$ cat data_23.tsv   # TSV, C-alpha atoms
chain	number	residue	atom	x	y	z
A	1	MET	CA	22.70	-43.35	-62.27
A	2	ARG	CA	21.80	-39.81	-63.26
A	3	ASN	CA	18.24	-40.84	-63.96
A	4	VAL	CA	17.94	-42.50	-60.61
A	5	CYS	CA	19.15	-39.33	-58.94
A	6	THR	CA	16.61	-37.21	-60.81
A	7	GLY	CA	13.93	-39.70	-59.94
A	8	VAL	CA	14.74	-39.49	-56.25
A	9	LEU	CA	14.74	-35.71	-56.40
A	10	VAL	CA	11.34	-35.66	-58.05
A	11	VAL	CA	9.92	-37.98	-55.45
A	12	LEU	CA	11.35	-35.84	-52.66
A	13	LEU	CA	9.96	-32.68	-54.23
A	14	MET	CA	6.53	-34.19	-54.57
A	15	ALA	CA	6.57	-35.35	-50.99
A	16	ALA	CA	7.51	-31.85	-49.82
A	17	LEU	CA	4.73	-30.33	-51.90
A	18	ALA	CA	2.16	-32.75	-50.55
A	19	CYS	CA	3.34	-32.00	-47.04
A	20	ALA	CA	2.94	-28.26	-47.58
A	21	GLN	CA	-0.54	-28.76	-48.94
A	22	ASP	CA	-1.51	-30.84	-45.94
A	23	LYS	CA	-0.26	-28.07	-43.71
A	24	LYS	CA	-2.38	-25.54	-45.55
A	25	LYS	CA	-5.44	-27.71	-45.13
A	26	GLU	CA	-4.68	-28.09	-41.46
A	27	GLU	CA	-4.36	-24.35	-41.00
A	28	ALA	CA	-7.69	-23.81	-42.65
A	29	LYS	CA	-9.23	-26.32	-40.26
A	30	THR	CA	-7.57	-24.77	-37.11
A	31	PRO	CA	-10.27	-24.53	-34.48
A	32	PRO	CA	-11.00	-21.12	-32.90
A	33	PRO	CA	-8.70	-20.34	-29.93
A	34	SER	CA	-9.60	-22.12	-26.72
A	35	ALA	CA	-10.84	-20.25	-23.66
A	36	ALA	CA	-7.37	-20.54	-22.13
A	37	GLU	CA	-5.76	-19.10	-25.26
A	38	GLN	CA	-8.25	-16.25	-25.37
A	39	TYR	CA	-7.53	-15.50	-21.73
A	40	ALA	CA	-3.78	-15.48	-22.40
A	41	GLN	CA	-4.33	-13.16	-25.37
A	42	LEU	CA	-6.34	-10.68	-23.27
A	43	VAL	CA	-3.65	-10.62	-20.61
A	44	LYS	CA	-1.05	-10.08	-23.32
A	45	ASP	CA	-3.07	-7.25	-24.92
A	46	TYR	CA	-3.36	-5.51	-21.58
A	47	SER	CA	0.34	-5.81	-20.72
A	48	LYS	CA	1.25	-4.55	-24.18
A	49	ALA	CA	-1.06	-1.54	-23.85
A	50	GLN	CA	0.49	-0.84	-20.46
A	51	ALA	CA	4.04	-1.18	-21.75
A	52	ASP	CA	3.26	1.10	-24.72
A	53	PHE	CA	1.77	3.66	-22.39
A	54	PHE	CA	4.80	3.70	-20.08
A	55	VAL	CA	7.22	4.12	-22.97
A	56	LYS	CA	5.33	7.19	-24.15
A	57	TYR	CA	4.82	8.46	-20.61
A	58	ARG	CA	8.52	8.29	-19.86
A	59	ALA	CA	9.31	10.06	-23.12
A	60	ALA	CA	6.86	12.91	-22.45
A	61	LYS	CA	8.67	16.08	-21.47
A	62	THR	CA	6.15	18.36	-19.79
A	63	SER	CA	3.68	17.59	-17.04
A	64	GLU	CA	0.85	18.71	-19.38
A	65	GLU	CA	1.93	16.12	-21.93
A	66	LYS	CA	2.09	13.50	-19.20
A	67	SER	CA	-1.35	14.24	-17.82
A	68	LYS	CA	-2.80	14.25	-21.35
A	69	LEU	CA	-1.29	10.81	-21.91
A	70	VAL	CA	-2.80	9.56	-18.67
A	71	ARG	CA	-6.21	10.82	-19.79
A	72	THR	CA	-6.07	9.48	-23.32
A	73	LEU	CA	-3.76	6.50	-23.48
A	74	TYR	CA	-3.59	4.92	-20.02
A	75	PRO	CA	-5.10	1.43	-20.34
A	76	ARG	CA	-7.76	1.54	-17.65
A	77	PRO	CA	-8.34	-1.95	-16.21
A	78	GLN	CA	-12.08	-1.20	-16.08
A	79	LYS	CA	-12.11	-0.95	-19.87
A	80	TYR	CA	-10.51	-4.38	-20.19
A	81	ALA	CA	-12.65	-5.84	-17.42
A	82	ALA	CA	-15.65	-6.08	-19.75
A	83	LYS	CA	-13.70	-8.33	-22.14
A	84	PHE	CA	-12.61	-10.64	-19.32
A	85	MET	CA	-16.18	-10.77	-18.02
A	86	GLU	CA	-17.41	-11.67	-21.50
A	87	LEU	CA	-14.93	-14.53	-21.65
A	88	ALA	CA	-15.99	-15.84	-18.23
A	89	ASP	CA	-19.61	-15.59	-19.30
A	90	LYS	CA	-19.01	-17.49	-22.55
A	91	TYR	CA	-17.11	-20.40	-20.93
A	92	PRO	CA	-18.53	-20.67	-17.40
A	93	LYS	CA	-17.31	-24.26	-16.93
A	94	ASP	CA	-13.78	-23.69	-18.22
A	95	PRO	CA	-10.96	-23.04	-15.68
A	96	ALA	CA	-10.20	-19.92	-17.73
A	97	ALA	CA	-13.44	-18.43	-16.39
A	98	VAL	CA	-12.08	-18.43	-12.82
A	99	LYS	CA	-8.84	-16.91	-14.10
A	100	ALA	CA	-10.68	-14.20	-16.02
A	101	LEU	CA	-12.85	-13.33	-13.02
A	102	THR	CA	-9.78	-13.28	-10.78
A	103	TRP	CA	-8.11	-10.84	-13.19
A	104	VAL	CA	-11.11	-8.51	-12.91
A	105	ALA	CA	-11.25	-8.82	-9.11
A	106	SER	CA	-7.54	-8.13	-8.90
A	107	ASN	CA	-7.23	-5.24	-11.36
A	108	ALA	CA	-10.63	-3.59	-11.19
A	109	GLY	CA	-11.92	-4.78	-7.82
A	110	SER	CA	-13.76	-1.58	-6.98
A	111	SER	CA	-15.58	-1.21	-10.31
A	112	PRO	CA	-19.09	-2.62	-10.89
A	113	GLU	CA	-17.49	-5.41	-12.98
A	114	GLY	CA	-15.14	-6.08	-10.07
A	115	HIS	CA	-18.02	-6.50	-7.63
A	116	LYS	CA	-19.79	-8.79	-10.06
A	117	ALA	CA	-16.61	-10.83	-10.59
A	118	ILE	CA	-16.08	-11.23	-6.84
A	119	GLU	CA	-19.66	-12.35	-6.40
A	120	LEU	CA	-19.39	-14.93	-9.19
A	121	LEU	CA	-16.04	-16.20	-7.92
A	122	LEU	CA	-17.30	-16.68	-4.38
A	123	GLU	CA	-20.30	-18.54	-5.73
A	124	SER	CA	-18.16	-20.94	-7.75
A	125	ILE	CA	-15.64	-21.44	-4.93
A	126	HIS	CA	-18.45	-22.27	-2.53
A	127	LYS	CA	-19.48	-25.05	-4.89
A	128	ASN	CA	-15.99	-26.29	-5.62
A	129	ALA	CA	-13.33	-25.37	-3.07
A	130	ASP	CA	-11.01	-28.16	-4.28
A	131	ASP	CA	-10.39	-26.41	-7.56
A	132	PRO	CA	-6.73	-25.35	-7.32
A	133	SER	CA	-7.49	-21.93	-8.79
A	134	ALA	CA	-10.07	-21.32	-6.05
A	135	PHE	CA	-7.41	-20.69	-3.42
A	136	ASN	CA	-5.63	-18.12	-5.56
A	137	ALA	CA	-8.90	-16.41	-6.35
A	138	LEU	CA	-9.67	-16.16	-2.63
A	139	LEU	CA	-6.22	-14.74	-1.90
A	140	THR	CA	-6.78	-12.11	-4.57
A	141	ILE	CA	-10.18	-11.09	-3.27
A	142	ALA	CA	-9.03	-11.06	0.35
A	143	THR	CA	-5.97	-8.91	-0.27
A	144	ARG	CA	-7.03	-6.66	-3.14
A	145	SER	CA	-10.60	-5.71	-2.32
A	146	ARG	CA	-12.61	-4.27	0.55
A	147	GLY	CA	-16.15	-4.72	1.76
A	148	PRO	CA	-18.48	-7.67	2.09
A	149	GLY	CA	-16.77	-9.61	-0.74
A	150	ALA	CA	-13.42	-9.44	1.04
A	151	ASP	CA	-14.96	-10.50	4.35
A	152	LYS	CA	-16.62	-13.47	2.67
A	153	ALA	CA	-13.32	-14.48	1.06
A	154	LEU	CA	-11.60	-14.28	4.46
A	155	ALA	CA	-14.32	-16.41	6.02
A	156	LEU	CA	-13.84	-19.05	3.29
A	157	LEU	CA	-10.06	-18.95	3.72
A	158	LYS	CA	-10.27	-19.58	7.45
A	159	ASP	CA	-12.90	-22.30	7.08
A	160	LYS	CA	-11.30	-24.23	4.23
A	161	PHE	CA	-7.60	-23.29	4.04
A	162	ILE	CA	-6.50	-22.68	7.64
A	163	GLY	CA	-3.54	-25.04	7.12
A	164	SER	CA	-1.99	-23.02	4.29
A	165	GLU	CA	1.47	-21.53	4.73
A	166	LYS	CA	0.49	-18.69	2.45
A	167	LEU	CA	-1.90	-17.13	4.95
A	168	GLY	CA	0.93	-15.14	6.56
A	169	THR	CA	1.18	-12.84	3.57
A	170	VAL	CA	-2.58	-12.41	3.58
A	171	CYS	CA	-2.49	-11.41	7.26
A	172	LEU	CA	0.18	-8.78	6.69
A	173	SER	CA	-1.76	-7.26	3.82
A	174	LEU	CA	-4.71	-6.67	6.15
A	175	ILE	CA	-3.15	-4.20	8.59
A	176	TYR	CA	-5.07	-1.24	7.12
A	177	ASN	CA	-8.38	-3.05	7.16
A	178	THR	CA	-10.35	-2.74	10.39
A	179	SER	CA	-13.49	-4.64	9.34
A	180	LYS	CA	-15.04	-7.13	11.73
A	181	GLY	CA	-14.41	-9.90	9.19
A	182	THR	CA	-10.70	-9.04	9.13
A	183	GLN	CA	-10.43	-9.16	12.90
A	184	GLU	CA	-12.26	-12.49	13.12
A	185	PHE	CA	-10.01	-13.92	10.43
A	186	LEU	CA	-6.81	-12.79	12.17
A	187	HIS	CA	-8.02	-14.12	15.54
A	188	THR	CA	-8.75	-17.53	14.04
A	189	VAL	CA	-5.38	-17.70	12.27
A	190	VAL	CA	-3.47	-16.85	15.48
A	191	GLU	CA	-5.27	-19.63	17.33
A	192	LYS	CA	-5.60	-22.30	14.65
A	193	SER	CA	-2.84	-22.07	12.04
A	194	PRO	CA	-0.41	-24.98	12.35
A	195	HIS	CA	2.49	-22.76	11.24
A	196	LYS	CA	4.29	-20.61	13.76
A	197	ASP	CA	5.29	-18.04	11.08
A	198	VAL	CA	1.68	-17.63	10.04
A	199	GLN	CA	0.48	-17.33	13.66
A	200	GLY	CA	3.08	-14.64	14.32
A	201	ALA	CA	2.13	-12.67	11.22
A	202	ALA	CA	-1.55	-12.85	12.21
A	203	CYS	CA	-0.78	-11.77	15.78
A	204	TYR	CA	1.26	-8.79	14.56
A	205	ALA	CA	-1.33	-7.81	11.95
A	206	LEU	CA	-4.13	-7.97	14.52
A	207	ALA	CA	-2.12	-5.67	16.81
A	208	LYS	CA	-1.72	-3.15	13.95
A	209	VAL	CA	-5.46	-3.27	13.25
A	210	LYS	CA	-6.18	-2.61	16.94
A	211	MET	CA	-3.77	0.34	16.93
A	212	ARG	CA	-5.72	1.76	14.04
A	213	LEU	CA	-8.95	1.50	16.01
A	214	GLY	CA	-7.77	4.27	18.33
A	215	PRO	CA	-7.10	4.80	22.04
A	216	GLY	CA	-9.86	2.40	23.19
A	217	ALA	CA	-8.09	-0.59	21.64
A	218	GLU	CA	-4.55	0.37	22.66
A	219	LYS	CA	-4.38	-2.01	25.63
A	220	GLU	CA	-5.34	-4.93	23.43
A	221	ALA	CA	-2.80	-3.88	20.81
A	222	GLU	CA	-0.11	-3.71	23.48
A	223	GLN	CA	-0.90	-7.24	24.71
A	224	LEU	CA	-0.75	-8.63	21.19
A	225	LEU	CA	2.57	-6.88	20.52
A	226	ASP	CA	3.99	-8.23	23.78
A	227	ARG	CA	2.96	-11.67	22.59
A	228	VAL	CA	4.82	-11.09	19.29
A	229	THR	CA	8.02	-10.14	21.12
A	230	SER	CA	7.84	-13.19	23.39
A	231	GLU	CA	6.13	-16.05	21.51
A	232	TYR	CA	7.09	-15.11	17.95
A	233	LYS	CA	10.42	-13.39	18.44
A	234	ASP	CA	12.17	-15.65	15.90
A	235	VAL	CA	9.72	-15.02	13.08
A	236	ALA	CA	10.99	-12.82	10.23
A	237	VAL	CA	8.98	-11.16	7.49
A	238	ARG	CA	10.83	-10.26	4.30
A	239	GLY	CA	14.07	-10.27	6.25
A	240	ARG	CA	12.72	-8.08	9.05
A	241	SER	CA	12.27	-9.54	12.48
A	242	LEU	CA	8.66	-9.40	13.62
A	243	ALA	CA	9.83	-8.68	17.17
A	244	LYS	CA	11.77	-5.61	15.98
A	245	LEU	CA	8.69	-4.27	14.20
A	246	ALA	CA	6.60	-4.94	17.30
A	247	GLU	CA	9.10	-3.12	19.51
A	248	SER	CA	8.75	0.05	17.40
A	249	ASP	CA	4.99	-0.20	17.70
A	250	LEU	CA	5.20	-0.73	21.46
A	251	PHE	CA	7.38	2.40	21.69
A	252	GLU	CA	4.73	4.30	19.76
A	253	ILE	CA	1.94	3.15	22.09
A	254	ARG	CA	3.96	3.79	25.26
A	255	PHE	CA	5.67	7.06	24.40
A	256	LEU	CA	3.99	8.59	21.37
A	257	SER	CA	0.31	8.32	22.26
A	258	ILE	CA	-1.92	11.31	22.77
A	259	GLY	CA	-1.40	12.57	26.32
A	260	LYS	CA	2.28	11.56	26.57
A	261	VAL	CA	5.09	14.10	26.72
A	262	ALA	CA	6.84	13.87	23.35
A	263	PRO	CA	10.37	12.41	23.45
A	264	ASP	CA	13.01	15.01	22.69
A	265	ILE	CA	14.41	15.35	19.18
A	266	ASP	CA	18.03	16.41	19.05
A	267	GLY	CA	19.71	16.70	15.69
A	268	GLU	CA	21.03	18.86	12.89
A	269	ASP	CA	18.94	21.15	10.74
A	270	LEU	CA	19.33	21.28	6.97
A	271	ASP	CA	22.31	23.65	7.32
A	272	GLY	CA	24.04	21.42	9.82
A	273	ALA	CA	23.18	23.44	12.95
A	274	GLN	CA	22.20	21.49	16.07
A	275	PHE	CA	18.78	22.13	17.67
A	276	LYS	CA	16.35	20.41	20.01
A	277	LEU	CA	12.60	20.00	20.28
A	278	SER	CA	12.82	20.85	23.98
A	279	ASP	CA	14.10	24.32	22.99
A	280	TYR	CA	10.50	25.02	21.98
A	281	ARG	CA	8.85	24.39	25.36
A	282	GLY	CA	6.31	27.11	26.00
A	283	LYS	CA	5.22	27.09	22.39
A	284	VAL	CA	2.56	25.13	20.57
A	285	VAL	CA	4.44	22.94	18.08
A	286	VAL	CA	3.39	21.18	14.90
A	287	LEU	CA	5.82	18.40	13.95
A	288	ASP	CA	5.70	17.47	10.31
A	289	PHE	CA	7.52	14.41	8.96
A	290	TRP	CA	7.92	15.43	5.34
A	291	GLY	CA	9.84	15.08	2.13
A	292	ASN	CA	9.64	16.64	-1.29
A	293	TRP	CA	8.35	13.69	-3.31
B	1	MET	CA	0.71	20.72	2.18
B	2	TYR	CA	3.07	23.63	1.45
B	3	PRO	CA	0.44	26.37	0.77
B	4	HIS	CA	-1.50	25.47	3.90
B	5	GLU	CA	1.61	25.33	6.08
B	6	ARG	CA	2.84	28.62	4.63
B	7	SER	CA	-0.43	30.36	5.51
B	8	LEU	CA	-0.49	28.79	8.99
B	9	VAL	CA	3.03	30.03	9.74
B	10	LYS	CA	2.22	33.47	8.36
B	11	ARG	CA	-1.06	33.77	10.26
B	12	LEU	CA	0.60	32.88	13.58
B	13	GLU	CA	3.68	35.03	13.17
B	14	GLY	CA	4.63	36.48	16.58
B	15	LYS	CA	2.49	33.94	18.46
B	16	PRO	CA	4.04	31.23	20.66
B	17	PHE	CA	3.86	28.74	17.85
B	18	ALA	CA	6.38	26.81	15.75
B	19	LEU	CA	6.10	24.51	12.77
B	20	LEU	CA	9.05	22.12	12.76
B	21	GLY	CA	9.84	19.61	10.06
B	22	ILE	CA	11.66	16.31	10.02
B	23	ASN	CA	12.88	16.05	6.45
B	24	SER	CA	13.78	12.78	4.72
B	25	ASP	CA	15.02	14.03	1.35
B	26	LYS	CA	18.23	12.53	0.07
B	27	ASP	CA	19.29	15.32	-2.28
B	28	LEU	CA	19.81	18.38	-0.11
B	29	ASP	CA	20.70	20.72	-2.99
B	30	ALA	CA	17.55	19.89	-4.95
B	31	LEU	CA	15.54	20.29	-1.76
B	32	LYS	CA	16.91	23.76	-1.10
B	33	VAL	CA	15.84	24.88	-4.57
B	34	VAL	CA	12.30	23.68	-3.86
B	35	MET	CA	12.30	25.34	-0.43
B	36	GLU	CA	13.32	28.63	-1.97
B	37	LYS	CA	10.62	28.39	-4.62
B	38	GLU	CA	7.92	27.26	-2.22
B	39	GLU	CA	8.97	29.76	0.47
B	40	ILE	CA	9.49	27.06	3.07
B	41	THR	CA	10.99	29.11	5.87
B	42	TRP	CA	10.39	26.86	8.85
B	43	ARG	CA	13.16	24.83	10.38
B	44	SER	CA	13.62	21.09	9.79
B	45	TRP	CA	15.80	18.40	11.24
B	46	ARG	CA	17.57	16.27	8.70
B	47	ASN	CA	16.39	12.66	9.01
B	48	GLY	CA	19.63	11.10	7.78
B	49	GLY	CA	18.60	11.77	4.18
B	50	SER	CA	16.22	8.82	4.07
B	51	THR	CA	12.72	7.72	4.99
B	52	SER	CA	14.33	5.16	7.27
B	53	GLY	CA	16.41	7.78	9.07
B	54	PRO	CA	16.91	7.81	12.85
B	55	ILE	CA	14.15	10.25	13.83
B	56	SER	CA	11.34	8.73	11.75
B	57	SER	CA	12.42	5.22	12.81
B	58	LYS	CA	12.26	6.12	16.50
B	59	TRP	CA	8.88	7.78	15.97
B	60	ASN	CA	7.67	4.70	14.05
B	61	VAL	CA	6.69	6.78	11.04
B	62	HIS	CA	5.88	4.73	7.95
B	63	GLY	CA	3.56	7.13	6.14
B	64	TRP	CA	4.32	10.57	4.74
B	65	PRO	CA	3.40	13.17	5.69
B	66	THR	CA	2.79	12.30	9.35
B	67	THR	CA	2.01	15.12	11.76
B	68	TYR	CA	1.92	15.59	15.53
B	69	VAL	CA	0.60	18.62	17.41
B	70	LEU	CA	2.15	19.33	20.83
B	71	ASP	CA	0.88	21.76	23.45
B	72	ALA	CA	3.07	24.32	25.19
B	73	LYS	CA	4.11	21.72	27.79
B	74	GLY	CA	5.37	19.38	25.10
B	75	THR	CA	2.48	16.92	25.47
B	76	ILE	CA	1.23	15.15	22.34
B	77	ARG	CA	-2.35	16.30	21.81
B	78	TYR	CA	-3.23	15.48	18.19
B	79	LYS	CA	-1.88	13.14	15.54
B	80	ASN	CA	-2.19	13.33	11.78
B	81	VAL	CA	-4.46	16.35	11.58
B	82	ARG	CA	-4.33	18.26	8.30
B	83	GLY	CA	-5.76	21.41	6.74
B	84	ALA	CA	-8.62	22.99	8.68
B	85	ALA	CA	-8.36	20.35	11.43
B	86	MET	CA	-4.71	21.31	12.00
B	87	ASP	CA	-5.63	25.02	12.20
B	88	LYS	CA	-8.33	24.23	14.73
B	89	ALA	CA	-6.01	22.05	16.83
B	90	VAL	CA	-3.33	24.74	16.94
B	91	ASP	CA	-5.85	27.51	17.75
B	92	THR	CA	-7.34	25.42	20.58
B	93	LEU	CA	-3.91	24.85	22.13
B	94	LEU	CA	-2.92	28.49	21.76
B	95	ALA	CA	-6.15	29.56	23.48
B	96	GLU	CA	-5.54	26.97	26.20
B	97	ARG	CA	-2.11	28.39	26.82
B	98	GLY	CA	-3.81	31.73	27.41
B	99	ALA	CA	-1.88	33.28	24.60
B	100	GLY	CA	-4.02	35.60	22.62
B	101	ASP	CA	-1.44	38.21	23.61
B	102	GLU	CA	1.65	38.88	21.57
B	103	LYS	CA	4.12	38.78	24.49
B	104	PRO	CA	3.30	35.86	26.73
B	105	ALA	CA	4.83	35.90	30.21
B	106	ALA	CA	6.62	32.58	29.69
B	107	GLU	CA	8.51	34.00	26.76
B	108	LYS	CA	11.95	35.45	27.50

$ encode --input "data_23.tsv" --output "structure tokens"
Amino acid sequence: MRNVCTGVLVVLLMAALACAQDKKKEEAKTPPPSAAEQYAQLVKDYSKAQADFFVKYRAAKTSEEKSKLVRTLYPRPQKYAAKFMELADKYPKDPAAVKALTWVASNAGSSPEGHKAIELLLESIHKNADDPSAFNALLTIATRSRGPGADKALALLKDKFIGSEKLGTVCLSLIYNTSKGTQEFLHTVVEKSPHKDVQGAACYALAKVKMRLGPGAEKEAEQLLDRVTSEYKDVAVRGRSLAKLAESDLFEIRFLSIGKVAPDIDGEDLDGAQFKLSDYRGKVVVLDFWGNW
Amino acid sequence: MYPHERSLVKRLEGKPFALLGINSDKDLDALKVVMEKEEITWRSWRNGGSTSGPISSKWNVHGWPTTYVLDAKGTIRYKNVRGAAMDKAVDTLLAERGAGDEKPAAEK
């Protein structure tokens, strides 16, 4: 019986040894990381560099120390962009290429690498708009960059993805962008999106763009805002009613435009004493909305 | 902003001009320390201690700082002018008011 036991043990041991050896051989034969793995590693490296930087930044005591850290240790996306571009260049057919280019467009959109990435992405999306990563790449370009690349991305979005529910967010990110491409995009979305939420967001965003264009476009802005408060009054954006936002903007156009008499301000000063703007009639007044931050 | 505003207020001392703030700081004590240090002498309304306070909400202000320049009649004449452009705007309106003089007739 004892011998049998020993025998079994020996067999087991040998099997374990053989298994370990096989594993070793396998490890030696492990292929180089795939494009997707390399992409994931780059993203990880960048987040780690960022996290390390913020730990040190928070620990720094003086503003000199902080600004030195920003100069020396802050992981500039432009520096990492080259590595992502290299990856995209090495595996042009791999889906990781689109992801790598999107990373560059998103994090370093205004650098030379960023422009190149946007150009390459648009080219590949033109050829293959059905690729699921194409839509995300377009969203990134449209919302994170400016200039001809962004306008081209918007044109592609309205031509190929007008039915998407995600266009509402895109519209609202465009309120500071007065380019012709932006305005055309917003117009099309108001008229053609099948989703009421998206139409409302586009209508509101277009009004904000028109407000930005100055007094000449105020009438148009007012009409669009009126439309938001009537046609899209039930639409909410991040918990805020679009109609409420539009009402504040209408108030600004109607009562706070150049040439209007300023509404009175009546409130307490920082010591709790009451005073009014109208007390200052007869004087030239600069009003400054400020805070110490 | 502070150094420019300080010099504007100083330069126009005695003229029919006022710089008025609408302040959104939460911590009033900390703010007063800064005001002392930065020699911020002009008057401010308290905007409920928040950037979504009642005055900035009514005036639809979502960016800081936001500025308005009003003429002597209380009419809004310029928005969001800063630095040299603010100086020029104020000087234009003072000249318009006919107030190169130290004791304007409208003043009591």

$ atom_distance --input "data_23.tsv" --atom1 "atom CA of A:Ala97" --atom2 "atom CA of A:Pro75"
21.9 Å

$ interface_residues --input "data_23.tsv" --of "chain B" --to "chain A" --cutoff "8 Å" --atoms "all atoms listed in the file" --output "mmCIF file with C-alpha atoms, in the frame of the given file"
data_model
loop_
_atom_site.group_PDB
_atom_site.id
_atom_site.type_symbol
_atom_site.label_atom_id
_atom_site.label_comp_id
_atom_site.auth_asym_id
_atom_site.auth_seq_id
_atom_site.Cartn_x
_atom_site.Cartn_y
_atom_site.Cartn_z
ATOM 1 C CA PRO B 16 4.040 31.230 20.660
ATOM 2 C CA PHE B 17 3.860 28.740 17.850
ATOM 3 C CA ALA B 18 6.380 26.810 15.750
ATOM 4 C CA LEU B 19 6.100 24.510 12.770
ATOM 5 C CA LEU B 20 9.050 22.120 12.760
ATOM 6 C CA GLY B 21 9.840 19.610 10.060
ATOM 7 C CA ILE B 22 11.660 16.310 10.020
ATOM 8 C CA ASN B 23 12.880 16.050 6.450
ATOM 9 C CA SER B 24 13.780 12.780 4.720
ATOM 10 C CA ASP B 25 15.020 14.030 1.350
ATOM 11 C CA LEU B 28 19.810 18.380 -0.110
ATOM 12 C CA LEU B 31 15.540 20.290 -1.760
ATOM 13 C CA VAL B 34 12.300 23.680 -3.860
ATOM 14 C CA ARG B 43 13.160 24.830 10.380
ATOM 15 C CA SER B 44 13.620 21.090 9.790
ATOM 16 C CA TRP B 45 15.800 18.400 11.240
ATOM 17 C CA ARG B 46 17.570 16.270 8.700
ATOM 18 C CA ILE B 55 14.150 10.250 13.830
ATOM 19 C CA SER B 56 11.340 8.730 11.750
ATOM 20 C CA SER B 57 12.420 5.220 12.810
ATOM 21 C CA LYS B 58 12.260 6.120 16.500
ATOM 22 C CA TRP B 59 8.880 7.780 15.970
ATOM 23 C CA ASN B 60 7.670 4.700 14.050
ATOM 24 C CA VAL B 61 6.690 6.780 11.040
ATOM 25 C CA TRP B 64 4.320 10.570 4.740
ATOM 26 C CA PRO B 65 3.400 13.170 5.690
ATOM 27 C CA THR B 66 2.790 12.300 9.350
ATOM 28 C CA THR B 67 2.010 15.120 11.760
ATOM 29 C CA TYR B 68 1.920 15.590 15.530
ATOM 30 C CA VAL B 69 0.600 18.620 17.410
ATOM 31 C CA LEU B 70 2.150 19.330 20.830
ATOM 32 C CA ASP B 71 0.880 21.760 23.450
ATOM 33 C CA ALA B 72 3.070 24.320 25.190
ATOM 34 C CA LYS B 73 4.110 21.720 27.790
ATOM 35 C CA GLY B 74 5.370 19.380 25.100
ATOM 36 C CA THR B 75 2.480 16.920 25.470
ATOM 37 C CA ILE B 76 1.230 15.150 22.340
ATOM 38 C CA ARG B 77 -2.350 16.300 21.810
ATOM 39 C CA TYR B 78 -3.230 15.480 18.190
ATOM 40 C CA LYS B 79 -1.880 13.140 15.540
ATOM 41 C CA VAL B 90 -3.330 24.740 16.940
ATOM 42 C CA LEU B 93 -3.910 24.850 22.130
ATOM 43 C CA LEU B 94 -2.920 28.490 21.760
ATOM 44 C CA ALA B 106 6.620 32.580 29.690
ATOM 45 C CA GLU B 107 8.510 34.000 26.760
#

$ atom_distance --input "data_23.tsv" --atom1 "atom CA of A:Phe185" --atom2 "atom CA of A:Pro95"
27.7 Å

$ atom_distance --input "data_23.tsv" --atom1 "atom CA of A:Lys208" --atom2 "atom CA of A:Ala221"
7.0 Å

$ closest_residue --input "data_23.tsv" --among "A:Ala134, A:Ser173, A:Phe161, A:Arg254" --to "A:Glu218" --atoms "only C-alpha atoms"
A:Arg254

$ residues_around --input "data_23.tsv" --residues "stretch 100-115 of chain A" --least-positions-apart "3" --cutoff "7 Å" --atoms "only C-alpha atoms" --output "list in words"
Tyr39, Pro77, Gln78, Ala81, Phe84, Met85, Ala88, Ala96, Ala97, Ile118, Glu119, Leu121, Ala137, Thr140, Ile141, Arg144 and Ser145 of chain A

$ residues_around --input "data_23.tsv" --residues "A:Lys158" --least-positions-apart "3" --cutoff "8 Å" --atoms "all atoms listed in the file" --output "JSON list (two decimals) with C-alpha atoms, in the coordinates of the input"
[["chain", "number", "residue", "atom", "x", "y", "z"],
["A", 154, "LEU", "CA", -11.60, -14.28, 4.46],
["A", 155, "ALA", "CA", -14.32, -16.41, 6.02],
["A", 161, "PHE", "CA", -7.60, -23.29, 4.04],
["A", 162, "ILE", "CA", -6.50, -22.68, 7.64],
["A", 185, "PHE", "CA", -10.01, -13.92, 10.43],
["A", 188, "THR", "CA", -8.75, -17.53, 14.04],
["A", 189, "VAL", "CA", -5.38, -17.70, 12.27]]

$ residues_around --input "data_23.tsv" --residues "A:Leu122" --least-positions-apart "6" --cutoff "9 Å" --atoms "all atoms listed in the file" --output "PyMOL selection string"
chain A and resi 134+137-138+149+152-153+156

$ residues_near_point --input "data_23.tsv" --point "(-5.5, 28.9, 15.6)" --cutoff "12 Å" --atoms "all atoms listed in the file" --output "NGL selection string"
(:A and (284-286)) or (:B and (7-13 or 15-17 or 83-97 or 99-100))

$ residues_around --input "data_23.tsv" --residues "A:Ala201" --least-positions-apart "3" --cutoff "12 Å" --atoms "all atoms listed in the file" --output "PyMOL selection string"
chain A and resi 165-175+186-187+189-191+193+195-198+204-208+224-225+227-229+231-238+240-243+245-246

$ decode --input "data_23.tsv" --residues "stretch 80-84 of chain A" --atoms "N, CA and C atoms" --output "PDB file, in the first residue's frame"
ATOM      1  N   TYR A  80       2.900  62.250 -25.889  1.00  0.00           N
ATOM      2  CA  TYR A  80       2.396  60.883 -26.061  1.00  0.00           C
ATOM      3  C   TYR A  80       1.795  60.680 -27.451  1.00  0.00           C
ATOM      4  N   ALA A  81       1.351  61.790 -28.056  1.00  0.00           N
ATOM      5  CA  ALA A  81       0.688  61.690 -29.361  1.00  0.00           C
ATOM      6  C   ALA A  81       1.558  60.952 -30.366  1.00  0.00           C
ATOM      7  N   ALA A  82       2.866  61.233 -30.342  1.00  0.00           N
ATOM      8  CA  ALA A  82       3.771  60.602 -31.313  1.00  0.00           C
ATOM      9  C   ALA A  82       3.698  59.079 -31.213  1.00  0.00           C
ATOM     10  N   LYS A  83       3.633  58.562 -29.975  1.00  0.00           N
ATOM     11  CA  LYS A  83       3.583  57.103 -29.791  1.00  0.00           C
ATOM     12  C   LYS A  83       2.283  56.517 -30.353  1.00  0.00           C
ATOM     13  N   PHE A  84       1.183  57.219 -30.113  1.00  0.00           N
ATOM     14  CA  PHE A  84      -0.104  56.757 -30.649  1.00  0.00           C
ATOM     15  C   PHE A  84      -0.094  56.796 -32.182  1.00  0.00           C
TER      16      PHE A  84
END
